Amino acid sequence: MMALKHFLQFNDLNLDELEYVFERAHWIKNQFKNYKQYWPLQDRTLVMIFEKASTRTRLSFEAGMQQLGGSAIYLNTRDSQLGRGEPVEDAAQVISRMSDIVMIRTFEQEIIERFAANSRVPVINGLTNEYHPCQIMADIFTYIEHRGSIKGKTVAWIGDSNNVCNTWLQAAEVLDFNVHVSTPPGYEVEPERANLYGNDHFEVFADPMDAAKGADLVTTDVWTSMGFEAENEERMRDFADWQVDAEMMSVAAKDALFMHCLPAHRGEEVSAAVIDGKQSVVWDEAENRLHTQKALMEYLLLGKV
């Protein structure tokens with residue numbers, strides 16, 4: 001029986017564990033593509049708690065658990081006592097006695113930390129305001145599939161220093177690559193919010209074209225994340241020069257990839273020519289949420305198999 005382990009932020013797993021999960025994701029994906037049944041989590045139950053709307057997170061976790069032989073239960077806080085003020089600590093005690101693993105998509109990171117502290121089973125961060133570790137796990141797995149090891153490579157993050165950006169910065173520390181960040185003034189990275197040890201794995205650029213120069217991977221996200229809709233018009237103005245377009249991709253490395261965690265707004269953070277172009281791997285990236293999360297759930301429940 002392995003010790004209880006949670007995945008609340010990217011650096012909850014070390015280099016050895018992440019390399020193992022990527023290796024398993026590759027094997028599990030091959031089984032799936034060859035229609036080979038693989039049910040290591042038969043009779044196990046995943047509870048998915050959603051406080052924020054989702055397409056990819058729900059689909060990838062629910063389908064993933066079923067494909068591993070287990071079952072998944074969807075709970076929306078609007079339809080449960082959690083939405084009526086039941087303490088997070090009490091909910092964690094009850095939910096973790098009736099299930100084997102829990103995935104939560106919520107607002108503050110503090111909520112998921114409190115839940116995990118009172119849970120008997122592994123807890124996975126399906127997205128918080130601060131971090132999105134499952135997304136970056138899928139992104140890095142996608143990079144590895146297309147280009148090999150990400151160690152020593154350069155990732156250009158163009159746009160808002162949101163939860164996805166924070167997680168890229170954490171990943172760079174664990175996996176030893178570099179991130180070039182370019183955000184409009186007023187939207188800068190806050191190292192303490194990203195929970196970074198130092199700043200030797202990222203560099204900040206005022207001009208997004210400079211950040212993209214020579215990058216092996218260029219990535220971005222929507223300009224207005226969930227919860228910031230009231231700022232939409234202001235953000236449209238502030239971010240106008242931070243669109244990833246063909247000109248920006250042309251200064252990146254010749255074989256640079258483009259990623260976006262989706263949903264995307266063509267004509268805002270990315271041009272249609274880029275997201276629908278040859279360098280874009282966004283559909284592989286979206287699909288890989290399924291395979292990496294299956295490997296993650298297997299690892300958190302069974303350890304190394």
# chains A, B, ... in the order shown; residues from 1 in each chain; ligands from 1
>>> closest_atom_pairs(of="range 202-248 of chain A", to="range 49-73 of chain A", cutoff="12 Å", atoms="only C-alpha atoms", output="JSON lines")
{"residue": "A:Ser225", "atom": "CA", "partner": "A:Lys52", "partner_atom": "CA", "distance": 11.3}
{"residue": "A:Met226", "atom": "CA", "partner": "A:Lys52", "partner_atom": "CA", "distance": 8.0}
{"residue": "A:Gly227", "atom": "CA", "partner": "A:Lys52", "partner_atom": "CA", "distance": 9.2}
>>> select_by_dssp(residues="range 39-230 of chain A", states="alpha helix (DSSP H)", output="PyMOL selection string")
chain A and resi 56-67+88-97+109-117+133-147+163-175+191-194+208-212
>>> select_by_dssp(residues="range 133-241 of chain A", states="strand (DSSP E)", output="PyMOL selection string")
chain A and resi 154-158+178-182+202-204+217-220
>>> closest_residue(among="A:Asp216, A:Glu229, A:Glu190, A:Glu108", to="Ala156 in chain A", atoms="only C-alpha atoms")
A:Asp216
>>> residues_around(residues="Ile111 in chain A", least_positions_apart="2", cutoff="12 Å", atoms="only C-alpha atoms", output="compact mmCIF listing (two decimals) with C-alpha atoms, in the first residue's frame")
# COMPACT_ATOMS: atom_id res chain seq x y z
CA LEU A 8 -2.50 19.72 -6.07
CA ILE A 49 -16.35 17.96 -7.92
CA GLU A 51 -17.36 24.52 -8.99
CA LEU A 82 -21.09 21.97 -0.66
CA PRO A 87 -17.57 23.05 5.43
CA VAL A 88 -14.99 21.79 2.95
CA GLU A 89 -13.38 19.76 5.76
CA ALA A 91 -17.32 17.23 2.81
CA ALA A 92 -13.80 15.80 2.42
CA ILE A 104 -11.73 19.03 -7.82
CA ARG A 105 -12.11 22.02 -10.15
CA THR A 106 -12.62 25.10 -8.01
CA PHE A 107 -11.62 28.70 -7.32
CA GLU A 108 -8.97 29.33 -4.63
CA GLN A 109 -6.13 26.85 -4.21
CA GLU A 113 -5.62 22.26 0.10
CA ARG A 114 -8.21 22.16 2.91
CA PHE A 115 -10.09 19.32 1.21
CA ALA A 116 -6.89 17.27 0.73
CA ALA A 117 -5.85 17.81 4.35
CA ASN A 118 -9.08 16.06 5.42
CA VAL A 123 -6.98 14.44 -4.44
CA ASN A 125 -6.35 19.51 -8.90
CA LEU A 127 -7.95 23.56 -12.03
CA THR A 128 -7.83 26.35 -9.47
CA ASN A 129 -7.31 30.10 -9.81
CA GLU A 130 -3.61 29.53 -9.11
>>> closest_residue(among="A:Ser161, A:Gln293, A:Gln135, A:Thr142", to="Phe258 in chain A", atoms="only C-alpha atoms")
A:Thr142
>>> atom_distance(atom1="CA of Tyr197 in chain A", atom2="CA of Cys165 in chain A")
15.5 Å
>>> atom_distance(atom1="CA of Leu257 in chain A", atom2="CA of Leu217 in chain A")
4.8 Å
>>> residues_around(residues="Phe7 in chain A", least_positions_apart="3", cutoff="12 Å", atoms="only C-alpha atoms", output="ChimeraX atom specification")
/A:4,10-14,17-18,101-104,109,112-113,116,121-127,131-134,137,293,296-297,299-301
>>> write_last_selection(atoms="N, CA and C atoms", output="compact mmCIF listing (two decimals), in the first residue's frame")
# COMPACT_ATOMS: atom_id res chain seq x y z
N LEU A 4 -0.36 7.90 1.04
CA LEU A 4 -1.32 8.80 0.39
C LEU A 4 -0.60 9.96 -0.28
N PHE A 10 1.90 21.26 -9.68
CA PHE A 10 2.78 20.44 -10.52
C PHE A 10 3.95 19.87 -9.75
N ASN A 11 4.54 20.66 -8.85
CA ASN A 11 5.72 20.18 -8.15
C ASN A 11 5.43 19.23 -6.98
N ASP A 12 4.17 18.77 -6.88
CA ASP A 12 3.87 17.69 -5.92
C ASP A 12 4.49 16.37 -6.37
N LEU A 13 4.81 16.27 -7.68
CA LEU A 13 5.52 15.09 -8.18
C LEU A 13 6.95 15.51 -8.51
N ASN A 14 7.90 14.63 -8.22
CA ASN A 14 9.30 14.95 -8.55
C ASN A 14 9.64 14.46 -9.95
N GLU A 17 9.07 10.72 -10.63
CA GLU A 17 7.64 10.37 -10.70
C GLU A 17 7.01 10.85 -12.00
N LEU A 18 7.37 12.06 -12.41
CA LEU A 18 6.81 12.60 -13.66
C LEU A 18 7.26 11.79 -14.87
N ILE A 101 -10.75 8.09 -5.10
CA ILE A 101 -9.92 9.21 -5.58
C ILE A 101 -10.87 10.37 -5.92
N VAL A 102 -10.39 11.60 -5.72
CA VAL A 102 -11.25 12.78 -5.93
C VAL A 102 -10.53 13.78 -6.82
N MET A 103 -11.28 14.35 -7.77
CA MET A 103 -10.75 15.43 -8.60
C MET A 103 -11.62 16.65 -8.34
N ILE A 104 -10.98 17.80 -8.13
CA ILE A 104 -11.73 19.03 -7.82
C ILE A 104 -11.32 20.14 -8.78
N GLN A 109 -6.96 28.02 -4.51
CA GLN A 109 -6.13 26.85 -4.21
C GLN A 109 -6.34 26.40 -2.76
N ILE A 112 -8.88 23.53 -2.20
CA ILE A 112 -8.43 22.17 -2.51
C ILE A 112 -7.40 21.69 -1.47
N GLU A 113 -6.59 22.62 -0.95
CA GLU A 113 -5.62 22.26 0.10
C GLU A 113 -6.36 21.80 1.36
N ALA A 116 -7.91 18.32 0.72
CA ALA A 116 -6.89 17.27 0.73
C ALA A 116 -6.42 16.96 2.15
N VAL A 121 -8.23 9.80 0.70
CA VAL A 121 -7.87 9.29 -0.63
C VAL A 121 -7.14 10.39 -1.42
N PRO A 122 -6.44 10.03 -2.50
CA PRO A 122 -5.74 11.04 -3.30
C PRO A 122 -6.69 12.09 -3.87
N VAL A 123 -6.22 13.33 -3.89
CA VAL A 123 -6.98 14.44 -4.44
C VAL A 123 -6.18 15.04 -5.60
N ILE A 124 -6.85 15.29 -6.72
CA ILE A 124 -6.21 15.85 -7.92
C ILE A 124 -6.80 17.23 -8.19
N ASN A 125 -5.92 18.17 -8.52
CA ASN A 125 -6.35 19.51 -8.90
C ASN A 125 -6.75 19.52 -10.37
N GLY A 126 -8.06 19.68 -10.62
CA GLY A 126 -8.56 19.76 -12.00
C GLY A 126 -8.56 21.19 -12.52
N LEU A 127 -8.14 22.15 -11.70
CA LEU A 127 -7.95 23.56 -12.03
C LEU A 127 -8.35 24.38 -10.81
N TYR A 131 -3.42 27.35 -10.19
CA TYR A 131 -2.69 26.30 -10.93
C TYR A 131 -3.60 25.45 -11.81
N HIS A 132 -2.97 24.83 -12.84
CA HIS A 132 -3.69 23.87 -13.69
C HIS A 132 -2.71 22.73 -14.04
N PRO A 133 -2.31 21.93 -13.04
CA PRO A 133 -1.23 20.96 -13.25
C PRO A 133 -1.54 19.85 -14.25
N CYS A 134 -2.80 19.41 -14.34
CA CYS A 134 -3.12 18.33 -15.29
C CYS A 134 -2.95 18.80 -16.73
N MET A 137 0.80 18.84 -17.55
CA MET A 137 1.27 17.46 -17.69
C MET A 137 0.96 16.95 -19.11
N GLN A 293 -3.88 11.80 -17.59
CA GLN A 293 -4.67 11.70 -16.36
C GLN A 293 -4.96 10.25 -15.99
N LEU A 296 -1.84 9.24 -14.35
CA LEU A 296 -1.76 9.89 -13.04
C LEU A 296 -2.64 9.16 -12.02
N MET A 297 -3.88 8.86 -12.40
CA MET A 297 -4.79 8.17 -11.47
C MET A 297 -4.25 6.79 -11.12
N TYR A 299 -1.14 5.90 -11.05
CA TYR A 299 0.01 6.07 -10.16
C TYR A 299 -0.43 6.43 -8.72
N LEU A 300 -1.37 7.37 -8.60
CA LEU A 300 -1.81 7.79 -7.26
C LEU A 300 -2.51 6.66 -6.50
N LEU A 301 -3.16 5.76 -7.24
CA LEU A 301 -3.89 4.67 -6.58
C LEU A 301 -3.05 3.41 -6.41
>>> atom_distance(atom1="CA of Met209 in chain A", atom2="CA of Asn166 in chain A")
20.5 Å
